[in-house]
Every structure is written in C-alpha cells, then in structure tokens.
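Visitor: Here it is, the structure, as structure tokens.
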Amino acid sequence: MENKIYDYVIVGAGIAGCSTAYFLSRHTSNILLIDKNTSVAGGASGAAGAFLSPLLGKNNPFKTLVTKALKFSTQFYHDNFSDCIINNGVLRIPKDDTDREKFKTYDHDFNFVIKDDGYFFPIGSLISSTKLCLNLTTNINKLLGFNVDKIQFADDLWSINDKIKTNNLILCTGAYVDFLPKYVQIRPVWGQRIVCKTAKLLTHNYHKECSVSLSLKNDYDNDTKKPYLISIGATHHRLVLEKKCDSSFVFPNFSTCNHCPTGCKEDTDKLINLANDIVKLDDLEVIEAYGGARASSYDYFPIVGDLVDDKLTLEEFPYLKNGTHVQSNRFTKYKNLFVLNGVGGRGFVLSPFLAKELVEHIIDGKKLDEDIKSERLFKRWVKK
C-alpha cells in the first residue's frame, strides 16, 4: 500500500462516501475508501432510519434541492439496487391544528392523497441502509478500522498518515471535521433509531414527530405473537458530540452505552411515546437501538465540491475581512481536495444526487450550484 498511488481516496464510508465511490468507479477502479469503523455505514448512516420522503413547505431553494434529489435518488435506487428499497408510501400527519392549516398552504412537488388524518405520498420509501452501502461499494477497495491522524499535501500528492498517497482526496467525514477548514462549521445532530418486534401489521411508513416504518417479517426468531419488525427513528439533540454516546450500536439493555447510560434509554422511551401518538403499538419489544451524529450545516445546505484555501485567499485579498466583495471564482482552492458533507437527516435522499454532481464536477468540470459550494461558508466566516 505504501508504494501505490491512488487516483482517489475517499475518507468516510457513510452514505455520502459510498455514493461518491460508486459514481467514481464508473471512471476508474483505482479508488480507496477509508473509514475508522470496521464496516461501511458504521456511524450515522447505519443508525439512520433511511426514509425517503418529500420535504413539505413553501417553495424555497433548499426545498427545490431536496425535491430534485428525491426524484433522482428514488429512481437511482429502483434502477440499480431494487433489493434495497421498499416503496410503500409515507403518511405525513400534521402535529396539531396549526400545523394542519400550514399543510393546506404548502406547495407540493409530489402526488398525494388525503388519508387517515394526513397526507399520503406514494413516493415515500424505506432503504436498507447498511445493505445499500455494502452494495454501492462491492467493487471498491476499502481500508476499514483505520484512523486518519494526519493529512498533508506534498510533491503534488495527498498523503494520509505518511503511508497512503493519492492524486485526489475527497472528505466525506460527516460530523468528524478535524481535517476540514475551520470555516466549514458542522453541527452534530444526534439521531436514534430503535428496531422493535410487534404484532402490528403496518403497510406503509408514517411521519409525524418521528418516523415509523412499515412492518417487515421478523427473521430474528420464531415469535408467532410478534411476527413483524418496525423501526422508529428521529433526530433529537443539537449538541456537542462528546455529550452523547459515540457508539453506533447499543443493546436494548443499554449496558454498552459508555457515555450516556441513561440518555439512550430516555430517548427510546420518547420515541415509543411519539410512535404511539401516530399508531397504537402497545405490544412493542425493543430488540436493537442505534445512534449516530448526523452532520448538518448551519444553513441546512450540504457542502459539495472544492474547498477554499482560507490562508492563501486571505493573503491575496486581506480586505475581505472588511467586507469588500471579491468574486468567488477568484478564491484560491486546495488542489485536488474535495468535500461532500452536511447532508443532515436526509442523507439517503441527498447523497446519491450530490455524489453524481460532485463526480461530474471533478471529471468533466461541471459547475455546481452556488448554494452547495464551500465559498458561501468562507465568505460568511471571513466577515466575522
């Protein structure tokens, strides 16, 4: 490995990194995917509920992005990984009367029918998150269980831990931002999902204040009284990552949760209460609990493409600090360093679409939308 030079190294094997590896593999096989976890989707992507659902609300640039990505990703999964997607629709239920009135004013981008006190969107789907990430990277070289401690650029190559060398480096590190420039501010948003046995047959997904999946066959045991499995998930806390458990898997008795021995249990009880407010599930038996820190930007938009070299750019344009306008295309970028991050709780909606956009940008020079480029974050940061 020490003597090989890769065309691309991707750091981070969540849905963003796996999607990027997949689209890059159409152009080269000389790719290495690195992750500190011992499996792909070992962090927030494996903990995610992995629901595909429309973003509701008035039309705005972020909603336009999510709508475009949902259309693309849903078709992408059907065409390439049909065994990883279940398309049974989602029932979106208003939280209260005020929310219900807002629903009536929303601009809907997808077909729906009014049903059971809510809005049923046939496009709503459920993704098998870990299986999908495995399938995306079937033919990709991987280095898992590997901690990246050092990244540097020398002799026109990127070097990782003084061992791995690559022409191009792509950072898909989610909530772990040690190697991103300081202007790329990511907030870790803790999300939790529980898997439960139940006797209740649910034929579609639900979303109100949490998401509840449709019932799947219980292959864990032969419990004829509880023959189905459902997942319940939500994003709960915007907080510093260290304040929550950084494990991606927690047993139902929560004994393996080293950093918050009661917090995960409290979140689980909250999830069950929220789920029962959607549909009565009195017979639930929690068998698995997953948690992870989803990476969200402060303006909600993802971060895709080249990274501005803040040091060199400020050396050339010191008056940026005074608010003087400089066109973004004049900023100095790190050579052959790219990012796909900040997909938040919609990683399985956004990542395939954004990965395709990123790869087309790298390979063909396709222009990226201004809303997702790192320049926007640099300009805000430099004025502070």
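Naming scheme: A, B, ... for chains in displayed order of the structure tokens; residues 1 onward per chain; ligands 1 onward as shown.
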DSSP on the backbone: what in region 32-222 of chain A comes out helix (DSSP H, G or I), as a PyMOL selection string?
Guide: chain A and resi 44-47+61-80+82-84+97-105+129-136
Visitor: Take the selection from the previous step and output its residues with N, CA and C atoms, as a tab-separated table (two decimals), in the first residue's frame.
Guide:
chain	number	residue	atom	x	y	z
A	44	ALA	N	-23.40	7.22	11.59
A	44	ALA	CA	-24.75	7.77	11.49
A	44	ALA	C	-25.56	7.14	10.36
A	45	SER	N	-24.90	6.75	9.26
A	45	SER	CA	-25.64	6.16	8.13
A	45	SER	C	-26.27	4.83	8.52
A	46	GLY	N	-25.56	4.04	9.33
A	46	GLY	CA	-26.13	2.78	9.79
A	46	GLY	C	-27.20	2.97	10.83
A	47	ALA	N	-27.13	4.08	11.56
A	47	ALA	CA	-28.13	4.36	12.59
A	47	ALA	C	-29.39	4.99	12.00
A	61	PRO	N	-35.16	27.58	-2.11
A	61	PRO	CA	-34.04	26.88	-2.75
A	61	PRO	C	-33.70	25.53	-2.12
A	62	PHE	N	-33.79	25.42	-0.79
A	62	PHE	CA	-33.45	24.15	-0.16
A	62	PHE	C	-34.50	23.09	-0.50
A	63	LYS	N	-35.76	23.47	-0.49
A	63	LYS	CA	-36.82	22.53	-0.85
A	63	LYS	C	-36.66	22.08	-2.30
A	64	THR	N	-36.28	23.00	-3.17
A	64	THR	CA	-36.04	22.65	-4.58
A	64	THR	C	-34.92	21.61	-4.69
A	65	LEU	N	-33.85	21.80	-3.92
A	65	LEU	CA	-32.74	20.84	-3.93
A	65	LEU	C	-33.20	19.47	-3.46
A	66	VAL	N	-33.94	19.41	-2.35
A	66	VAL	CA	-34.39	18.13	-1.81
A	66	VAL	C	-35.33	17.44	-2.79
A	67	THR	N	-36.21	18.20	-3.42
A	67	THR	CA	-37.14	17.62	-4.38
A	67	THR	C	-36.39	17.01	-5.57
A	68	LYS	N	-35.43	17.76	-6.10
A	68	LYS	CA	-34.63	17.26	-7.22
A	68	LYS	C	-33.87	16.00	-6.82
A	69	ALA	N	-33.31	16.01	-5.61
A	69	ALA	CA	-32.54	14.86	-5.14
A	69	ALA	C	-33.43	13.66	-4.88
A	70	LEU	N	-34.62	13.88	-4.33
A	70	LEU	CA	-35.53	12.78	-4.06
A	70	LEU	C	-35.97	12.09	-5.35
A	71	LYS	N	-36.26	12.86	-6.37
A	71	LYS	CA	-36.65	12.28	-7.66
A	71	LYS	C	-35.50	11.45	-8.23
A	72	PHE	N	-34.30	12.01	-8.18
A	72	PHE	CA	-33.15	11.29	-8.73
A	72	PHE	C	-32.85	10.04	-7.91
A	73	SER	N	-32.73	10.18	-6.59
A	73	SER	CA	-32.29	9.07	-5.75
A	73	SER	C	-33.29	7.92	-5.76
A	74	THR	N	-34.58	8.23	-5.73
A	74	THR	CA	-35.58	7.18	-5.76
A	74	THR	C	-35.46	6.36	-7.03
A	75	GLN	N	-35.31	7.02	-8.16
A	75	GLN	CA	-35.15	6.31	-9.43
A	75	GLN	C	-33.83	5.56	-9.48
A	76	PHE	N	-32.78	6.16	-8.94
A	76	PHE	CA	-31.46	5.53	-8.89
A	76	PHE	C	-31.51	4.22	-8.11
A	77	TYR	N	-32.15	4.23	-6.95
A	77	TYR	CA	-32.26	3.01	-6.14
A	77	TYR	C	-33.08	1.95	-6.87
A	78	HIS	N	-34.18	2.34	-7.47
A	78	HIS	CA	-35.02	1.38	-8.19
A	78	HIS	C	-34.25	0.74	-9.35
A	79	ASP	N	-33.49	1.56	-10.06
A	79	ASP	CA	-32.81	1.07	-11.25
A	79	ASP	C	-31.59	0.20	-10.93
A	80	ASN	N	-30.91	0.49	-9.83
A	80	ASN	CA	-29.63	-0.16	-9.57
A	80	ASN	C	-29.60	-1.05	-8.33
A	82	SER	N	-32.63	-2.42	-6.47
A	82	SER	CA	-34.06	-2.60	-6.17
A	82	SER	C	-34.29	-3.46	-4.93
A	83	ASP	N	-33.31	-4.28	-4.56
A	83	ASP	CA	-33.47	-5.11	-3.37
A	83	ASP	C	-33.20	-4.32	-2.08
A	84	CYS	N	-32.83	-3.04	-2.21
A	84	CYS	CA	-32.53	-2.21	-1.04
A	84	CYS	C	-33.59	-1.15	-0.77
A	97	ASP	N	-53.46	21.38	15.03
A	97	ASP	CA	-54.33	22.14	14.13
A	97	ASP	C	-53.58	23.25	13.41
A	98	THR	N	-52.64	23.89	14.10
A	98	THR	CA	-51.85	24.94	13.46
A	98	THR	C	-51.03	24.37	12.32
A	99	ASP	N	-50.44	23.23	12.58
A	99	ASP	CA	-49.65	22.55	11.55
A	99	ASP	C	-50.54	22.11	10.39
A	100	ARG	N	-51.75	21.70	10.73
A	100	ARG	CA	-52.68	21.26	9.68
A	100	ARG	C	-53.04	22.41	8.74
A	101	GLU	N	-53.22	23.60	9.29
A	101	GLU	CA	-53.53	24.76	8.46
A	101	GLU	C	-52.34	25.11	7.57
A	102	LYS	N	-51.13	24.95	8.09
A	102	LYS	CA	-49.94	25.20	7.29
A	102	LYS	C	-49.87	24.23	6.12
A	103	PHE	N	-50.21	22.95	6.38
A	103	PHE	CA	-50.17	21.94	5.32
A	103	PHE	C	-50.99	22.38	4.12
A	104	LYS	N	-52.11	23.05	4.38
A	104	LYS	CA	-53.01	23.45	3.29
A	104	LYS	C	-52.38	24.51	2.39
A	105	THR	N	-51.39	25.23	2.92
A	105	THR	CA	-50.77	26.30	2.14
A	105	THR	C	-49.48	25.87	1.46
A	129	SER	N	-30.25	0.52	4.87
A	129	SER	CA	-29.10	1.42	4.84
A	129	SER	C	-27.76	0.70	4.72
A	130	THR	N	-27.49	-0.25	5.60
A	130	THR	CA	-26.20	-0.93	5.58
A	130	THR	C	-26.05	-1.77	4.32
A	131	LYS	N	-27.09	-2.47	3.95
A	131	LYS	CA	-27.05	-3.29	2.74
A	131	LYS	C	-26.78	-2.44	1.51
A	132	LEU	N	-27.42	-1.27	1.45
A	132	LEU	CA	-27.20	-0.39	0.31
A	132	LEU	C	-25.74	0.06	0.24
A	133	CYS	N	-25.18	0.50	1.37
A	133	CYS	CA	-23.79	0.96	1.37
A	133	CYS	C	-22.83	-0.16	0.99
A	134	LEU	N	-23.13	-1.37	1.42
A	134	LEU	CA	-22.32	-2.52	1.00
A	134	LEU	C	-22.41	-2.73	-0.50
A	135	ASN	N	-23.61	-2.65	-1.04
A	135	ASN	CA	-23.81	-2.86	-2.48
A	135	ASN	C	-23.17	-1.75	-3.31
A	136	LEU	N	-23.24	-0.52	-2.81
A	136	LEU	CA	-22.62	0.60	-3.52
A	136	LEU	C	-21.11	0.41	-3.67
Visitor: Please measure the separation of CA of Ala355 (chain A) and CA of Asn111 (chain A), giving the value in Å to one decimal.
Guide: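 Those two atoms sit 26.4 Å apart.
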Visitor: Which residues, written as a PyMOL selection string, have at least one atom at most 9 Å from Val148 (chain A), with only C-alpha atoms counted and residues fewer than 6 positions away on the same chain left out?
Guide: chain A and resi 11+34-36+160-161
Visitor: With C-alpha atoms retained, write the just-selected residues as an mmCIF file, in the first residue's frame.
Guide:
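This is the output file out_9.cif:
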data_model
loop_
_atom_site.group_PDB
_atom_site.id
_atom_site.type_symbol
_atom_site.label_atom_id
_atom_site.label_comp_id
_atom_site.auth_asym_id
_atom_site.auth_seq_id
_atom_site.Cartn_x
_atom_site.Cartn_y
_atom_site.Cartn_z
ATOM 1 C CA VAL A 11 -12.348 9.338 3.747
ATOM 2 C CA ILE A 34 -11.261 4.644 4.228
ATOM 3 C CA ASP A 35 -13.248 4.625 7.459
ATOM 4 C CA LYS A 36 -12.419 4.425 11.161
ATOM 5 C CA ILE A 160 -2.537 10.132 4.730
ATOM 6 C CA ASN A 161 -0.645 9.067 7.853
#
Visitor: Looking at only C-alpha atoms, which of A:Ile303, A:Val382, A:Leu274, A:Leu216 is the one that sits closest to Ile232 (chain A)?
Guide: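 Nearest candidate to Ile232 (chain A) out of A:Ile303, A:Val382, A:Leu274, A:Leu216: A:Leu274.
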Visitor: Determine the nearest neighbour of Asp96 (chain A) from the options A:Ser39, A:Gly118, A:Leu201, A:Tyr228, counting only C-alpha atoms.
Guide: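 Looking at the shortest contact to Asp96 (chain A), the residue is A:Gly118.
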Visitor: Figure out the distance between CA of Gln185 (chain A) and CA of Ser296 (chain A), please, to one decimal in Å.
Guide: 8.8 Å
Visitor: As a VMD selection string, please: the residues near Asn167 (chain A) (cut-off 9 Å, only C-alpha atoms, same-chain neighbours under 2 positions excluded).
Guide: chain A and resid 5 to 9 156 to 158 165 169 336
Visitor: Just write the chosen residues, N, CA and C atoms, as a PDB file, in the first residue's frame.
Guide:
ATOM      1  N   ILE A   5       0.003   4.650  -5.618  1.00  0.00           N
ATOM      2  CA  ILE A   5      -0.619   5.968  -5.658  1.00  0.00           C
ATOM      3  C   ILE A   5      -2.017   5.802  -6.233  1.00  0.00           C
ATOM      4  N   TYR A   6      -3.021   6.170  -5.456  1.00  0.00           N
ATOM      5  CA  TYR A   6      -4.405   6.036  -5.887  1.00  0.00           C
ATOM      6  C   TYR A   6      -4.833   7.250  -6.706  1.00  0.00           C
ATOM      7  N   ASP A   7      -5.789   7.015  -7.580  1.00  0.00           N
ATOM      8  CA  ASP A   7      -6.413   8.150  -8.270  1.00  0.00           C
ATOM      9  C   ASP A   7      -7.258   8.957  -7.285  1.00  0.00           C
ATOM     10  N   TYR A   8      -7.998   8.235  -6.433  1.00  0.00           N
ATOM     11  CA  TYR A   8      -8.885   8.880  -5.467  1.00  0.00           C
ATOM     12  C   TYR A   8      -8.862   8.120  -4.148  1.00  0.00           C
ATOM     13  N   VAL A   9      -8.755   8.845  -3.068  1.00  0.00           N
ATOM     14  CA  VAL A   9      -9.010   8.302  -1.742  1.00  0.00           C
ATOM     15  C   VAL A   9     -10.189   9.060  -1.162  1.00  0.00           C
ATOM     16  N   ASP A 156       2.841  17.343  -4.971  1.00  0.00           N
ATOM     17  CA  ASP A 156       1.647  17.244  -5.816  1.00  0.00           C
ATOM     18  C   ASP A 156       0.781  16.028  -5.501  1.00  0.00           C
ATOM     19  N   LEU A 157       0.939  15.465  -4.298  1.00  0.00           N
ATOM     20  CA  LEU A 157       0.129  14.328  -3.866  1.00  0.00           C
ATOM     21  C   LEU A 157      -0.410  14.578  -2.466  1.00  0.00           C
ATOM     22  N   TRP A 158      -1.556  14.003  -2.172  1.00  0.00           N
ATOM     23  CA  TRP A 158      -2.085  13.998  -0.818  1.00  0.00           C
ATOM     24  C   TRP A 158      -1.583  12.736  -0.114  1.00  0.00           C
ATOM     25  N   LYS A 165      -0.945   7.419  -0.430  1.00  0.00           N
ATOM     26  CA  LYS A 165      -0.787   8.573  -1.313  1.00  0.00           C
ATOM     27  C   LYS A 165      -1.846   8.526  -2.414  1.00  0.00           C
ATOM     28  N   LEU A 169      -8.138  13.746  -3.104  1.00  0.00           N
ATOM     29  CA  LEU A 169      -8.660  13.372  -1.795  1.00  0.00           C
ATOM     30  C   LEU A 169     -10.063  13.951  -1.645  1.00  0.00           C
ATOM     31  N   ASN A 336      -6.934  19.593  -5.747  1.00  0.00           N
ATOM     32  CA  ASN A 336      -7.403  18.201  -5.764  1.00  0.00           C
ATOM     33  C   ASN A 336      -7.939  17.734  -4.413  1.00  0.00           C
TER      34      ASN A 336
END
Visitor: As an exercise, work out the distance from CA of Gly43 (chain A) to CA of Ala293 (chain A) in Å and give it to one decimal place.
Guide: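 These atoms are spaced 7.6 Å apart.
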Visitor: Near region 357-360 of chain A, within 7 Å and counting only C-alpha atoms, which residues show up once chain neighbours fewer than 2 positions away are dropped, as a PyMOL selection string?
Guide: chain A and resi 23-24+304-305+353-355+362-366
Visitor: Just the strand (DSSP E) stuff from region 169-381 of chain A, please, per backbone DSSP, written as a ChimeraX atom specification.
Guide: /A:169-171,186-198,205-207,211-212,216-217,228-238,285-297,303-308,333-341
Visitor: Within 12 Å of region 281-287 of chain A, counting only C-alpha atoms, which residues qualify if same-chain residues fewer than 2 places away don't, as JSON, numbers by chain?
Guide: {"A": [193, 194, 195, 196, 197, 198, 199, 200, 201, 202, 212, 215, 218, 220, 221, 223, 225, 226, 227, 228, 229, 230, 231, 232, 249, 250, 251, 252, 253, 254, 265, 268, 269, 271, 272, 273, 274, 275, 276, 277, 278, 279, 289, 290]}
Visitor: May I have the residues within 9 Å of region 313-318 of chain A as a compact mmCIF listing (two decimals) with N, CA and C atoms, in the first residue's frame, using only C-alpha atoms and disregarding those fewer than 3 positions away in the same chain?
Guide:
# COMPACT_ATOMS: atom_id res chain seq x y z
N VAL A 308 -12.10 26.08 -0.30
CA VAL A 308 -11.31 27.31 -0.36
C VAL A 308 -10.13 27.20 0.58
N ASP A 309 -8.94 27.57 0.09
CA ASP A 309 -7.75 27.68 0.94
C ASP A 309 -7.83 29.04 1.62
N ASP A 310 -8.28 29.07 2.86
CA ASP A 310 -8.53 30.33 3.54
C ASP A 310 -7.25 31.13 3.75
N LYS A 321 -11.82 40.81 4.94
CA LYS A 321 -12.22 40.92 6.34
C LYS A 321 -13.01 42.20 6.60
N ASN A 322 -12.84 43.20 5.74
CA ASN A 322 -13.56 44.46 5.88
C ASN A 322 -14.88 44.47 5.13
N THR A 324 -15.18 43.81 1.83
CA THR A 324 -15.03 44.11 0.41
C THR A 324 -15.39 42.88 -0.42
N VAL A 326 -15.31 40.22 -3.30
CA VAL A 326 -14.43 39.58 -4.27
C VAL A 326 -15.19 38.40 -4.87
N ARG A 330 -12.38 33.80 -7.84
CA ARG A 330 -11.01 34.28 -7.67
C ARG A 330 -10.36 33.69 -6.41
N PHE A 331 -11.15 33.02 -5.57
CA PHE A 331 -10.59 32.43 -4.36
C PHE A 331 -9.64 31.30 -4.72
N THR A 332 -8.59 31.14 -3.92
CA THR A 332 -7.67 30.02 -4.12
C THR A 332 -8.25 28.77 -3.49
N LYS A 333 -8.22 27.66 -4.21
CA LYS A 333 -8.75 26.40 -3.72
C LYS A 333 -7.60 25.43 -3.41
N VAL A 382 -15.37 34.77 7.00
CA VAL A 382 -14.31 35.76 6.93
C VAL A 382 -14.78 37.14 7.40
